file run_14.cif (mmCIF, N, CA and C atoms)
data_query
loop_
_atom_site.label_atom_id
_atom_site.label_comp_id
_atom_site.auth_asym_id
_atom_site.auth_seq_id
_atom_site.Cartn_x
_atom_site.Cartn_y
_atom_site.Cartn_z
N MET A 3 7.51 16.94 5.48
CA MET A 3 6.52 16.16 4.74
C MET A 3 5.22 16.96 4.69
N SER A 4 4.70 17.14 3.52
CA SER A 4 3.47 17.88 3.30
C SER A 4 2.26 17.02 3.67
N PRO A 5 1.20 17.65 4.22
CA PRO A 5 0.01 16.87 4.57
C PRO A 5 -0.66 16.19 3.39
N ASP A 6 -0.42 16.68 2.18
CA ASP A 6 -1.02 16.06 1.00
C ASP A 6 -0.03 15.14 0.29
N SER A 7 1.01 14.76 1.00
CA SER A 7 2.02 13.85 0.47
C SER A 7 1.52 12.40 0.52
N PRO A 8 1.86 11.59 -0.47
CA PRO A 8 1.45 10.18 -0.40
C PRO A 8 2.13 9.44 0.75
N ASP A 9 3.27 9.98 1.22
CA ASP A 9 3.97 9.35 2.35
C ASP A 9 3.09 9.27 3.59
N VAL A 10 2.29 10.30 3.80
CA VAL A 10 1.42 10.33 4.98
C VAL A 10 0.46 9.14 4.95
N TYR A 11 -0.18 8.95 3.82
CA TYR A 11 -1.14 7.84 3.69
C TYR A 11 -0.43 6.49 3.76
N TYR A 12 0.75 6.43 3.16
CA TYR A 12 1.52 5.19 3.21
C TYR A 12 1.86 4.82 4.65
N LEU A 13 2.31 5.79 5.43
CA LEU A 13 2.68 5.51 6.82
C LEU A 13 1.46 5.15 7.66
N ILE A 14 0.33 5.75 7.37
CA ILE A 14 -0.92 5.36 8.05
C ILE A 14 -1.24 3.91 7.70
N GLY A 15 -1.08 3.57 6.43
CA GLY A 15 -1.31 2.19 6.00
C GLY A 15 -0.38 1.22 6.71
N GLU A 16 0.87 1.60 6.86
CA GLU A 16 1.83 0.75 7.57
C GLU A 16 1.40 0.54 9.01
N ALA A 17 0.95 1.61 9.65
CA ALA A 17 0.49 1.48 11.05
C ALA A 17 -0.68 0.51 11.15
N TYR A 18 -1.63 0.64 10.24
CA TYR A 18 -2.76 -0.29 10.24
C TYR A 18 -2.29 -1.73 9.98
N ARG A 19 -1.38 -1.88 9.03
CA ARG A 19 -0.91 -3.23 8.70
C ARG A 19 -0.22 -3.86 9.90
N PHE A 20 0.62 -3.10 10.59
CA PHE A 20 1.31 -3.64 11.76
C PHE A 20 0.34 -3.97 12.89
N LYS A 21 -0.82 -3.30 12.90
CA LYS A 21 -1.85 -3.61 13.89
C LYS A 21 -2.74 -4.78 13.47
N GLY A 22 -2.49 -5.30 12.25
CA GLY A 22 -3.29 -6.42 11.77
C GLY A 22 -4.60 -6.01 11.14
N GLN A 23 -4.75 -4.74 10.79
CA GLN A 23 -5.98 -4.21 10.20
C GLN A 23 -5.78 -4.02 8.69
N GLY A 24 -5.80 -5.14 7.98
CA GLY A 24 -5.51 -5.14 6.56
C GLY A 24 -6.45 -4.29 5.73
N THR A 25 -7.72 -4.31 6.03
CA THR A 25 -8.69 -3.55 5.24
C THR A 25 -8.43 -2.05 5.36
N ASN A 26 -8.17 -1.58 6.57
CA ASN A 26 -7.85 -0.16 6.75
C ASN A 26 -6.53 0.19 6.08
N ALA A 27 -5.58 -0.73 6.13
CA ALA A 27 -4.29 -0.51 5.47
C ALA A 27 -4.49 -0.35 3.97
N LEU A 28 -5.30 -1.20 3.38
CA LEU A 28 -5.57 -1.12 1.94
C LEU A 28 -6.15 0.24 1.56
N LYS A 29 -7.07 0.73 2.37
CA LYS A 29 -7.69 2.04 2.10
C LYS A 29 -6.64 3.14 2.13
N ALA A 30 -5.74 3.07 3.10
CA ALA A 30 -4.71 4.11 3.22
C ALA A 30 -3.72 4.04 2.05
N TYR A 31 -3.30 2.84 1.67
CA TYR A 31 -2.39 2.71 0.52
C TYR A 31 -3.05 3.21 -0.76
N ASN A 32 -4.33 2.91 -0.93
CA ASN A 32 -5.04 3.40 -2.11
C ASN A 32 -5.16 4.92 -2.09
N SER A 33 -5.29 5.50 -0.90
CA SER A 33 -5.31 6.97 -0.79
C SER A 33 -3.97 7.55 -1.21
N ALA A 34 -2.89 6.88 -0.84
CA ALA A 34 -1.56 7.33 -1.27
C ALA A 34 -1.47 7.32 -2.80
N LEU A 35 -2.04 6.30 -3.42
CA LEU A 35 -2.00 6.21 -4.88
C LEU A 35 -2.91 7.23 -5.55
N GLU A 36 -3.96 7.67 -4.87
CA GLU A 36 -4.81 8.73 -5.41
C GLU A 36 -4.02 10.04 -5.47
N VAL A 37 -3.17 10.26 -4.48
CA VAL A 37 -2.34 11.46 -4.46
C VAL A 37 -1.24 11.37 -5.51
N ASP A 38 -0.60 10.20 -5.59
CA ASP A 38 0.49 10.01 -6.56
C ASP A 38 0.46 8.57 -7.07
N PRO A 39 -0.08 8.36 -8.26
CA PRO A 39 -0.17 7.01 -8.82
C PRO A 39 1.18 6.35 -9.08
N ASN A 40 2.25 7.12 -9.02
CA ASN A 40 3.60 6.58 -9.25
C ASN A 40 4.38 6.36 -7.96
N PHE A 41 3.69 6.32 -6.85
CA PHE A 41 4.33 6.14 -5.54
C PHE A 41 4.53 4.64 -5.29
N GLY A 42 5.71 4.15 -5.62
CA GLY A 42 5.99 2.72 -5.59
C GLY A 42 5.77 2.05 -4.26
N ALA A 43 6.08 2.74 -3.17
CA ALA A 43 5.94 2.14 -1.84
C ALA A 43 4.50 1.72 -1.55
N ALA A 44 3.55 2.45 -2.10
CA ALA A 44 2.14 2.11 -1.87
C ALA A 44 1.79 0.76 -2.50
N TYR A 45 2.42 0.45 -3.64
CA TYR A 45 2.17 -0.85 -4.27
C TYR A 45 2.74 -1.98 -3.40
N LEU A 46 3.88 -1.74 -2.80
CA LEU A 46 4.44 -2.71 -1.86
C LEU A 46 3.49 -2.92 -0.69
N GLY A 47 2.99 -1.82 -0.14
CA GLY A 47 2.03 -1.92 0.96
C GLY A 47 0.77 -2.67 0.56
N LEU A 48 0.26 -2.37 -0.64
CA LEU A 48 -0.93 -3.09 -1.12
C LEU A 48 -0.67 -4.59 -1.19
N ALA A 49 0.48 -4.96 -1.71
CA ALA A 49 0.81 -6.38 -1.82
C ALA A 49 0.84 -7.03 -0.44
N ARG A 50 1.50 -6.40 0.49
CA ARG A 50 1.62 -6.96 1.85
C ARG A 50 0.26 -7.07 2.52
N ALA A 51 -0.55 -6.02 2.39
CA ALA A 51 -1.88 -6.04 3.04
C ALA A 51 -2.79 -7.07 2.38
N ARG A 52 -2.75 -7.17 1.06
CA ARG A 52 -3.57 -8.18 0.39
C ARG A 52 -3.17 -9.58 0.82
N LEU A 53 -1.86 -9.81 0.92
CA LEU A 53 -1.39 -11.13 1.36
C LEU A 53 -1.78 -11.40 2.81
N MET A 54 -1.83 -10.37 3.60
CA MET A 54 -2.26 -10.54 4.99
C MET A 54 -3.74 -10.94 5.04
N ASN A 55 -4.55 -10.29 4.21
CA ASN A 55 -5.99 -10.58 4.18
C ASN A 55 -6.30 -11.88 3.45
N GLU A 56 -5.53 -12.17 2.39
CA GLU A 56 -5.75 -13.35 1.55
C GLU A 56 -4.41 -14.03 1.30
N PRO A 57 -4.00 -14.96 2.15
CA PRO A 57 -2.67 -15.57 2.02
C PRO A 57 -2.37 -16.16 0.64
N GLY A 58 -3.35 -16.56 -0.12
CA GLY A 58 -3.11 -17.14 -1.44
C GLY A 58 -3.13 -16.12 -2.57
N PHE A 59 -3.28 -14.84 -2.24
CA PHE A 59 -3.37 -13.79 -3.26
C PHE A 59 -2.11 -13.75 -4.11
N LYS A 60 -2.28 -13.63 -5.41
CA LYS A 60 -1.16 -13.55 -6.35
C LYS A 60 -0.71 -12.09 -6.44
N ALA A 61 0.27 -11.72 -5.64
CA ALA A 61 0.68 -10.32 -5.50
C ALA A 61 1.87 -9.93 -6.36
N GLU A 62 2.33 -10.83 -7.21
CA GLU A 62 3.53 -10.55 -7.98
C GLU A 62 3.43 -9.26 -8.79
N PHE A 63 2.26 -9.00 -9.38
CA PHE A 63 2.11 -7.80 -10.20
C PHE A 63 2.26 -6.52 -9.37
N LEU A 64 1.84 -6.57 -8.11
CA LEU A 64 2.01 -5.41 -7.24
C LEU A 64 3.48 -5.22 -6.86
N PHE A 65 4.16 -6.32 -6.56
CA PHE A 65 5.59 -6.22 -6.27
C PHE A 65 6.35 -5.71 -7.50
N ASP A 66 5.99 -6.21 -8.67
CA ASP A 66 6.65 -5.76 -9.90
C ASP A 66 6.45 -4.25 -10.11
N GLU A 67 5.23 -3.78 -9.85
CA GLU A 67 4.95 -2.35 -10.03
C GLU A 67 5.73 -1.52 -9.02
N ALA A 68 5.84 -2.01 -7.79
CA ALA A 68 6.62 -1.29 -6.78
C ALA A 68 8.08 -1.17 -7.21
N ILE A 69 8.63 -2.24 -7.75
CA ILE A 69 10.02 -2.23 -8.20
C ILE A 69 10.18 -1.31 -9.41
N ARG A 70 9.25 -1.38 -10.33
CA ARG A 70 9.32 -0.56 -11.54
C ARG A 70 9.34 0.93 -11.22
N LEU A 71 8.52 1.30 -10.22
CA LEU A 71 8.41 2.72 -9.88
C LEU A 71 9.50 3.16 -8.93
#
call {"tool": "encode", "arguments": {"input": "run_14.cif", "output": "structure tokens"}}
result
Amino acid sequence: MSPDSPDVYYLIGEAYRFKGQGTNALKAYNSALEVDPNFGAAYLGLARARLMNEPGFKAEFLFDEAIRL
């Protein structure tokens, strides 16, 4: 895995999310998307982190984008 791979940022986001740090997770997932806007897993992470921070958040569009990519 290359250091400039979106996977690195995605996995950092996952670590933050599992620690309950939704805001930091969101930043990491967005960094993954800056590297590769077509990285579907980052959209899944964004949806999960947003729902963690805002339980009523309408995340369907993020899940749809993750599936599409």
call {"tool": "select_by_dssp", "arguments": {"input": "run_14.cif", "residues": "chain A", "states": "helix (DSSP H, G or I)", "output": "count of residues only"}}
result
50
call {"tool": "resolve_selection", "arguments": {"input": "run_14.cif", "expression": "the PyMOL selection byres (((chain A and resi 46 and name CA) around 9) and name CA)", "output": "list in words"}}
result
Gly42, Ala43, Ala44, Tyr45, Gly47, Leu48, Ala49, Arg50, Ala51, Leu64, Phe65, Asp66, Glu67, Ala68 and Ile69 of chain A
call {"tool": "atom_distance", "arguments": {"input": "run_14.cif", "atom1": "atom CA of Val37 of chain A", "atom2": "atom CA of Phe20 of chain A"}}
result
22.5 Å
call {"tool": "atom_distance", "arguments": {"input": "run_14.cif", "atom1": "atom C of Lys21 of chain A", "atom2": "atom CA of Leu71 of chain A"}}
result
26.9 Å
call {"tool": "closest_residue", "arguments": {"input": "run_14.cif", "among": "A:Ala27, A:Met54, A:Ala34, A:Ala61", "to": "Ser7 of chain A", "atoms": "only N, CA and C atoms"}}
result
A:Ala34
call {"tool": "atom_distance", "arguments": {"input": "run_14.cif", "atom1": "atom N of Pro57 of chain A", "atom2": "atom C of Val10 of chain A"}}
result
24.7 Å
call {"tool": "decode", "arguments": {"input": "run_14.cif", "residues": "segment 11-53 of chain A", "atoms": "N, CA and C atoms", "output": "mmCIF file, in the first residue's frame"}}
result
data_model
loop_
_atom_site.group_PDB
_atom_site.id
_atom_site.type_symbol
_atom_site.label_atom_id
_atom_site.label_comp_id
_atom_site.auth_asym_id
_atom_site.auth_seq_id
_atom_site.Cartn_x
_atom_site.Cartn_y
_atom_site.Cartn_z
ATOM 1 N N TYR A 11 -5.864 6.684 4.340
ATOM 2 C CA TYR A 11 -6.764 7.633 4.997
ATOM 3 C C TYR A 11 -8.063 6.954 5.431
ATOM 4 N N TYR A 12 -8.541 6.042 4.602
ATOM 5 C CA TYR A 12 -9.754 5.302 4.958
ATOM 6 C C TYR A 12 -9.542 4.511 6.245
ATOM 7 N N LEU A 13 -8.420 3.819 6.349
ATOM 8 C CA LEU A 13 -8.155 3.014 7.549
ATOM 9 C C LEU A 13 -7.956 3.890 8.785
ATOM 10 N N ILE A 14 -7.362 5.048 8.601
ATOM 11 C CA ILE A 14 -7.247 6.001 9.719
ATOM 12 C C ILE A 14 -8.645 6.436 10.143
ATOM 13 N N GLY A 15 -9.504 6.703 9.166
ATOM 14 C CA GLY A 15 -10.885 7.069 9.475
ATOM 15 C C GLY A 15 -11.605 5.963 10.226
ATOM 16 N N GLU A 16 -11.388 4.735 9.816
ATOM 17 C CA GLU A 16 -12.007 3.603 10.507
ATOM 18 C C GLU A 16 -11.537 3.529 11.956
ATOM 19 N N ALA A 17 -10.248 3.741 12.172
ATOM 20 C CA ALA A 17 -9.721 3.708 13.542
ATOM 21 C C ALA A 17 -10.384 4.787 14.400
ATOM 22 N N TYR A 18 -10.491 5.982 13.848
ATOM 23 C CA TYR A 18 -11.161 7.055 14.589
ATOM 24 C C TYR A 18 -12.635 6.716 14.853
ATOM 25 N N ARG A 19 -13.290 6.166 13.846
ATOM 26 C CA ARG A 19 -14.710 5.843 14.015
ATOM 27 C C ARG A 19 -14.896 4.799 15.103
ATOM 28 N N PHE A 20 -14.053 3.778 15.115
ATOM 29 C CA PHE A 20 -14.162 2.740 16.142
ATOM 30 C C PHE A 20 -13.854 3.287 17.533
ATOM 31 N N LYS A 21 -13.071 4.372 17.597
ATOM 32 C CA LYS A 21 -12.785 5.020 18.872
ATOM 33 C C LYS A 21 -13.880 6.003 19.283
ATOM 34 N N GLY A 22 -14.883 6.171 18.404
ATOM 35 C CA GLY A 22 -15.968 7.095 18.711
ATOM 36 C C GLY A 22 -15.662 8.543 18.387
ATOM 37 N N GLN A 23 -14.639 8.784 17.574
ATOM 38 C CA GLN A 23 -14.225 10.136 17.206
ATOM 39 C C GLN A 23 -14.703 10.445 15.783
ATOM 40 N N GLY A 24 -15.996 10.706 15.680
ATOM 41 C CA GLY A 24 -16.623 10.904 14.382
ATOM 42 C C GLY A 24 -16.055 12.055 13.582
ATOM 43 N N THR A 25 -15.756 13.164 14.221
ATOM 44 C CA THR A 25 -15.245 14.329 13.503
ATOM 45 C C THR A 25 -13.891 14.035 12.869
ATOM 46 N N ASN A 26 -13.014 13.385 13.618
ATOM 47 C CA ASN A 26 -11.711 13.019 13.060
ATOM 48 C C ASN A 26 -11.871 11.986 11.948
ATOM 49 N N ALA A 27 -12.812 11.081 12.110
ATOM 50 C CA ALA A 27 -13.077 10.082 11.076
ATOM 51 C C ALA A 27 -13.524 10.767 9.787
ATOM 52 N N LEU A 28 -14.409 11.728 9.897
ATOM 53 C CA LEU A 28 -14.883 12.456 8.717
ATOM 54 C C LEU A 28 -13.728 13.122 7.977
ATOM 55 N N LYS A 29 -12.814 13.721 8.722
ATOM 56 C CA LYS A 29 -11.662 14.382 8.099
ATOM 57 C C LYS A 29 -10.815 13.372 7.332
ATOM 58 N N ALA A 30 -10.609 12.203 7.926
ATOM 59 C CA ALA A 30 -9.787 11.184 7.269
ATOM 60 C C ALA A 30 -10.475 10.644 6.014
ATOM 61 N N TYR A 31 -11.774 10.382 6.093
ATOM 62 C CA TYR A 31 -12.495 9.901 4.907
ATOM 63 C C TYR A 31 -12.470 10.945 3.794
ATOM 64 N N ASN A 32 -12.622 12.209 4.155
ATOM 65 C CA ASN A 32 -12.555 13.266 3.148
ATOM 66 C C ASN A 32 -11.156 13.362 2.538
ATOM 67 N N SER A 33 -10.126 13.086 3.334
ATOM 68 C CA SER A 33 -8.761 13.061 2.796
ATOM 69 C C SER A 33 -8.612 11.928 1.783
ATOM 70 N N ALA A 34 -9.228 10.795 2.074
ATOM 71 C CA ALA A 34 -9.200 9.674 1.122
ATOM 72 C C ALA A 34 -9.840 10.091 -0.199
ATOM 73 N N LEU A 35 -10.927 10.844 -0.114
ATOM 74 C CA LEU A 35 -11.617 11.289 -1.331
ATOM 75 C C LEU A 35 -10.834 12.367 -2.076
ATOM 76 N N GLU A 36 -10.006 13.130 -1.378
ATOM 77 C CA GLU A 36 -9.143 14.098 -2.057
ATOM 78 C C GLU A 36 -8.108 13.363 -2.908
ATOM 79 N N VAL A 37 -7.630 12.237 -2.412
ATOM 80 C CA VAL A 37 -6.667 11.433 -3.160
ATOM 81 C C VAL A 37 -7.346 10.746 -4.340
ATOM 82 N N ASP A 38 -8.527 10.179 -4.086
ATOM 83 C CA ASP A 38 -9.257 9.469 -5.143
ATOM 84 C C ASP A 38 -10.755 9.677 -4.948
ATOM 85 N N PRO A 39 -11.354 10.582 -5.706
ATOM 86 C CA PRO A 39 -12.787 10.863 -5.568
ATOM 87 C C PRO A 39 -13.688 9.673 -5.901
ATOM 88 N N ASN A 40 -13.132 8.640 -6.501
ATOM 89 C CA ASN A 40 -13.914 7.448 -6.859
ATOM 90 C C ASN A 40 -13.702 6.287 -5.890
ATOM 91 N N PHE A 41 -13.176 6.564 -4.729
ATOM 92 C CA PHE A 41 -12.901 5.528 -3.722
ATOM 93 C C PHE A 41 -14.181 5.279 -2.916
ATOM 94 N N GLY A 42 -14.931 4.276 -3.331
ATOM 95 C CA GLY A 42 -16.251 4.009 -2.763
ATOM 96 C C GLY A 42 -16.270 3.777 -1.273
ATOM 97 N N ALA A 43 -15.246 3.120 -0.741
ATOM 98 C CA ALA A 43 -15.230 2.818 0.695
ATOM 99 C C ALA A 43 -15.270 4.086 1.548
ATOM 100 N N ALA A 44 -14.689 5.157 1.040
ATOM 101 C CA ALA A 44 -14.697 6.413 1.804
ATOM 102 C C ALA A 44 -16.113 6.963 1.953
ATOM 103 N N TYR A 45 -16.959 6.753 0.935
ATOM 104 C CA TYR A 45 -18.348 7.199 1.046
ATOM 105 C C TYR A 45 -19.096 6.388 2.106
ATOM 106 N N LEU A 46 -18.798 5.112 2.177
ATOM 107 C CA LEU A 46 -19.375 4.277 3.232
ATOM 108 C C LEU A 46 -18.936 4.783 4.599
ATOM 109 N N GLY A 47 -17.655 5.075 4.734
ATOM 110 C CA GLY A 47 -17.145 5.617 5.992
ATOM 111 C C GLY A 47 -17.792 6.936 6.352
ATOM 112 N N LEU A 48 -17.939 7.815 5.354
ATOM 113 C CA LEU A 48 -18.604 9.102 5.610
ATOM 114 C C LEU A 48 -20.023 8.888 6.130
ATOM 115 N N ALA A 49 -20.742 7.978 5.510
ATOM 116 C CA ALA A 49 -22.115 7.714 5.939
ATOM 117 C C ALA A 49 -22.140 7.231 7.385
ATOM 118 N N ARG A 50 -21.287 6.300 7.708
ATOM 119 C CA ARG A 50 -21.259 5.748 9.070
ATOM 120 C C ARG A 50 -20.877 6.808 10.096
ATOM 121 N N ALA A 51 -19.864 7.609 9.761
ATOM 122 C CA ALA A 51 -19.417 8.644 10.708
ATOM 123 C C ALA A 51 -20.473 9.732 10.873
ATOM 124 N N ARG A 52 -21.111 10.127 9.781
ATOM 125 C CA ARG A 52 -22.170 11.138 9.886
ATOM 126 C C ARG A 52 -23.311 10.622 10.747
ATOM 127 N N LEU A 53 -23.680 9.356 10.553
ATOM 128 C CA LEU A 53 -24.754 8.779 11.363
ATOM 129 C C LEU A 53 -24.345 8.668 12.829
#
